[in-house]
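This report refers to the structure that appears directly beneath it.
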Amino acid sequence: MKIECGIEKIKNGILQVEKITGKNLTLPVLSSVLFIASGKSLKLRATNLSLGVEIEIPAKIEKEGIVAISGGTLAGIFSNVFQNENVQIESIDGNLMLKTKKSRIKLKGQNHDDFPTIPIVEGKTFEIQAKKLIEGIKSVYYSSSVSDIKPEISSVYMYSDGDNLVFVSTDSFRLAEKKIKIKNIEEIQGILIPFKNIPEILRIFSEIEDDVRVCFNKNQISFSSDGVYLTSRIIDGVFPDYRQIIPKDFTVEAVVLKQDLLNALKLSNIFSDKFNQINLLINPKEKVFELSSQNNDVGENKTYLDAALKGEEVVLGFNYKYFLDCFQSINSDSISIKINQSSKPMIISGASDNSFTYLIMPMNR
């Protein structure tokens, strides 16, 4: 292998793929990045078996070849080399030589024969703007279970509903649903993307402006755009029929300014207990919207907010952290809170946007 390319392009590529390298004692080559020089481009490839990525970079190829190099070492080097110049890369006796105007670096290569192939996914396909894909995933993924005990809820669930691509996550204590409008999307029964793969999907595609082509079958899903190709395994399981637990009718509703509520929650949290519990009192007759919390070691707090209220009086406790998480998914200036009774879930959404629905189970402490 003998190539030349711009440092910025290869640096960005290496920093993207290096985070997907795996630490596997039985297959140490997974800790490396595979360089594949052919045609008019250099491909950088990494995988941890659950997730795989390949980034293609334009390069001047004098001699084609393949070499595997430690991902961590590459990331450390390219984070510190000089900017805005070209780098010459050559493999000699299985090692990699890097040359810039002021650097000469030799890297020990690894046996690339055992490097796994990244599957070319074949199946159903659709296209979506990268920013819409990222918005859908970001709006819900924090509600996934972080435990692998129930893999079907340690995931982001994605399916189609009419002209909507729907993203859902739950950890059984709260649930988030986001609907993204897409014209002429084919029917998607349901895809479970593992939660542990979500941060890398967000990181790699959040900077992309173009459309993303999504292809999936029962085992794998791929995302490709602008020289980037990423594959993830799909969880084999059945997502809970969550729509059954979302109430259709409510006995009380409150609409409150988002920023006022955010400030009040942060204040109340200072006095919350070890379970992060905050109590909510809504009394439409008395026009009271009250957040309260108490901690024996700190003190107690009651905060009253202006709100549009209707329905019956209700009191319930909830986990402060769960409520705070959903603010990133609500674009409206005001938040709608709907409740049936203190033992039933609280439903939160933007007052002027019904594309996002958030459910929090009450705390009975």
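In the structure tokens, each chain is lettered A, B, ... as it comes, each chain's residues begin at 1, and ligands are numbered from 1 in order of appearance.
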
May I have all residues of stretch 106-257 of chain A that DSSP, computed from the backbone, assigns to helix (DSSP H, G or I), given as a ChimeraX atom specification? /A:112-114,130-138,141-143,195-205,242-245

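Take the candidates A:Asn263, A:Ser292, A:Gln277, A:Thr125 and check each one against A:Asn217 using only C-alpha atoms; the shortest distance goes to A:Thr125.
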
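One finds atom CA of A:Phe323 at 15.1 Å from atom CA of A:Glu290.
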
Could you find all residues in stretch 89-280 of chain A that DSSP calls strand (DSSP E or B) from the backbone, and write them as a PyMOL selection string? chain A and resi 89-92+95-99+104-107+110+124-129+155-161+164-170+174-181+191-194+211-216+220-225+228-233+252-257+277-280

Give me the residues of stretch 39-62 of chain A that have any atom at most 8 Å from an atom of stretch 8-18 of chain A; for each, the nearest atom pair and the distance in Å, rounded to one decimal. Use only C-alpha atoms, sort by chain and number, and format it as a tab-separated table.
residue	atom	partner	partner_atom	distance
A:Leu44	CA	A:Gly13	CA	7.0
A:Arg45	CA	A:Val17	CA	6.7
A:Ala46	CA	A:Val17	CA	5.7
A:Val53	CA	A:Val17	CA	6.4
A:Glu54	CA	A:Val17	CA	7.4
A:Ile55	CA	A:Gly13	CA	6.3
A:Ile57	CA	A:Lys9	CA	6.8

Please identify all polymer residues within 8 Å of A:Ser272, counting only C-alpha atoms, omitting same-chain residues fewer than 4 positions from it, and present them as number ranges by chain. A: 268, 276-278, 293-295

Taking C-alpha atoms for each residue, export the selection above as a PDB file, in the first residue's frame.
ATOM      1  CA  SER A 268     -37.389  21.151  43.623  1.00  0.00           C
ATOM      2  CA  ASN A 276     -35.432  11.742  43.195  1.00  0.00           C
ATOM      3  CA  GLN A 277     -39.115  12.086  44.115  1.00  0.00           C
ATOM      4  CA  ILE A 278     -40.987  15.325  43.498  1.00  0.00           C
ATOM      5  CA  SER A 293     -40.169  18.107  47.598  1.00  0.00           C
ATOM      6  CA  GLN A 294     -38.726  17.240  50.983  1.00  0.00           C
ATOM      7  CA  ASN A 295     -35.388  15.938  52.194  1.00  0.00           C
TER       8      ASN A 295
END

Using only C-alpha atoms, which residues sit within 10 Å of stretch 232-243 of chain A once same-chain residues fewer than 3 positions away are excluded, as a PyMOL selection string? chain A and resi 47-53+118-119+121+150-158+168-170+172+175+177+190-195+197-198+201+216-223+246-248

Any chance you could export the current selection's N, CA and C atoms as a short mmCIF file (atom, residue, chain, number, x, y, z; two decimals), in the first residue's frame?
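Result file follows (part.cif):
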data_model
loop_
_atom_site.label_atom_id
_atom_site.label_comp_id
_atom_site.auth_asym_id
_atom_site.auth_seq_id
_atom_site.Cartn_x
_atom_site.Cartn_y
_atom_site.Cartn_z
N THR A 47 -15.11 -2.63 13.50
CA THR A 47 -16.29 -3.36 13.95
C THR A 47 -16.06 -3.89 15.36
N ASN A 48 -17.16 -4.03 16.11
CA ASN A 48 -17.11 -4.72 17.40
C ASN A 48 -18.05 -5.93 17.37
N LEU A 49 -18.40 -6.37 16.17
CA LEU A 49 -19.28 -7.49 15.85
C LEU A 49 -20.77 -7.13 15.96
N SER A 50 -21.13 -6.26 16.90
CA SER A 50 -22.52 -5.81 16.98
C SER A 50 -22.76 -4.63 16.05
N LEU A 51 -21.70 -3.84 15.83
CA LEU A 51 -21.79 -2.62 15.04
C LEU A 51 -20.57 -2.57 14.13
N GLY A 52 -20.77 -2.19 12.89
CA GLY A 52 -19.65 -2.07 11.96
C GLY A 52 -19.76 -0.79 11.18
N VAL A 53 -18.62 -0.19 10.82
CA VAL A 53 -18.64 1.06 10.07
C VAL A 53 -17.51 1.07 9.04
N ILE A 118 -17.68 -6.72 7.02
CA ILE A 118 -18.88 -5.96 7.40
C ILE A 118 -19.97 -6.32 6.40
N PRO A 119 -21.11 -6.82 6.88
CA PRO A 119 -22.14 -7.33 5.97
C PRO A 119 -22.72 -6.23 5.08
N VAL A 121 -25.95 -5.24 3.80
CA VAL A 121 -27.32 -5.58 4.16
C VAL A 121 -28.22 -5.49 2.93
N LYS A 150 -33.73 -7.63 29.59
CA LYS A 150 -34.83 -7.68 28.63
C LYS A 150 -34.37 -6.94 27.37
N PRO A 151 -33.70 -7.62 26.46
CA PRO A 151 -33.12 -6.93 25.30
C PRO A 151 -34.15 -6.19 24.45
N GLU A 152 -35.40 -6.66 24.44
CA GLU A 152 -36.41 -6.00 23.60
C GLU A 152 -36.71 -4.58 24.05
N ILE A 153 -36.49 -4.25 25.35
CA ILE A 153 -36.68 -2.87 25.79
C ILE A 153 -35.35 -2.14 25.98
N SER A 154 -34.24 -2.85 25.82
CA SER A 154 -32.93 -2.19 25.78
C SER A 154 -32.64 -1.85 24.32
N SER A 155 -33.53 -1.02 23.75
CA SER A 155 -33.50 -0.79 22.32
C SER A 155 -34.26 0.47 21.97
N VAL A 156 -34.11 0.90 20.73
CA VAL A 156 -35.01 1.88 20.12
C VAL A 156 -35.84 1.12 19.11
N TYR A 157 -37.16 1.20 19.27
CA TYR A 157 -38.11 0.49 18.40
C TYR A 157 -38.56 1.45 17.31
N MET A 158 -38.52 0.99 16.07
CA MET A 158 -38.84 1.84 14.93
C MET A 158 -39.84 1.11 14.03
N VAL A 168 -39.75 4.63 19.36
CA VAL A 168 -40.26 4.42 20.71
C VAL A 168 -39.17 3.77 21.57
N SER A 169 -39.11 4.18 22.83
CA SER A 169 -38.24 3.52 23.81
C SER A 169 -38.94 3.50 25.16
N THR A 170 -38.66 2.46 25.95
CA THR A 170 -39.19 2.39 27.31
C THR A 170 -38.26 1.57 28.18
N SER A 172 -39.80 0.61 31.16
CA SER A 172 -40.95 0.15 31.96
C SER A 172 -41.34 1.15 33.05
N LEU A 175 -41.84 6.07 29.12
CA LEU A 175 -41.89 5.71 27.70
C LEU A 175 -41.90 6.98 26.87
N GLU A 177 -42.29 8.43 22.77
CA GLU A 177 -42.67 8.13 21.39
C GLU A 177 -42.53 9.40 20.56
N GLY A 190 -41.57 -3.43 12.34
CA GLY A 190 -40.91 -3.11 13.61
C GLY A 190 -39.46 -3.54 13.60
N ILE A 191 -38.56 -2.63 14.00
CA ILE A 191 -37.13 -2.89 14.06
C ILE A 191 -36.65 -2.52 15.45
N LEU A 192 -35.89 -3.40 16.09
CA LEU A 192 -35.33 -3.15 17.42
C LEU A 192 -33.83 -2.93 17.29
N ILE A 193 -33.39 -1.68 17.42
CA ILE A 193 -31.97 -1.35 17.33
C ILE A 193 -31.39 -1.34 18.74
N PRO A 194 -30.32 -2.12 19.00
CA PRO A 194 -29.79 -2.19 20.37
C PRO A 194 -29.40 -0.82 20.92
N PHE A 195 -29.77 -0.57 22.17
CA PHE A 195 -29.48 0.71 22.82
C PHE A 195 -27.98 1.03 22.81
N ASN A 197 -25.81 0.52 20.69
CA ASN A 197 -25.32 0.97 19.39
C ASN A 197 -25.81 2.37 19.03
N ILE A 198 -26.82 2.86 19.75
CA ILE A 198 -27.44 4.14 19.41
C ILE A 198 -26.48 5.33 19.50
N ILE A 201 -24.45 5.63 16.32
CA ILE A 201 -25.26 6.02 15.18
C ILE A 201 -25.52 7.53 15.21
N PHE A 216 -32.80 -2.83 5.69
CA PHE A 216 -32.91 -3.74 6.83
C PHE A 216 -33.52 -5.07 6.42
N ASN A 217 -33.17 -6.08 7.20
CA ASN A 217 -33.82 -7.39 7.13
C ASN A 217 -34.03 -7.86 8.56
N LYS A 218 -34.30 -9.12 8.78
CA LYS A 218 -34.66 -9.56 10.14
C LYS A 218 -33.45 -9.61 11.08
N ASN A 219 -32.24 -9.53 10.54
CA ASN A 219 -31.04 -9.65 11.39
C ASN A 219 -30.19 -8.38 11.46
N GLN A 220 -30.20 -7.57 10.40
CA GLN A 220 -29.28 -6.43 10.31
C GLN A 220 -30.00 -5.20 9.79
N ILE A 221 -29.44 -4.04 10.12
CA ILE A 221 -29.88 -2.78 9.54
C ILE A 221 -28.64 -1.99 9.14
N SER A 222 -28.72 -1.27 8.01
CA SER A 222 -27.58 -0.45 7.59
C SER A 222 -28.05 0.97 7.33
N PHE A 223 -27.12 1.92 7.56
CA PHE A 223 -27.34 3.33 7.29
C PHE A 223 -26.19 3.79 6.41
N ILE A 246 -51.25 3.78 27.07
CA ILE A 246 -51.41 5.23 26.94
C ILE A 246 -52.90 5.56 27.05
N PRO A 247 -53.29 6.28 28.08
CA PRO A 247 -54.73 6.58 28.27
C PRO A 247 -55.29 7.40 27.11
N LYS A 248 -56.55 7.18 26.83
CA LYS A 248 -57.23 7.94 25.77
C LYS A 248 -57.98 9.15 26.35
#

Quick one: distance from atom CA of A:Ile245 to atom CA of A:Ser342 in Å, one decimal? 15.1 Å

For the atom pair atom CA of A:Ser225 and atom CA of A:Gln83, what is the interatomic distance in Å to one decimal place? 25.8 Å
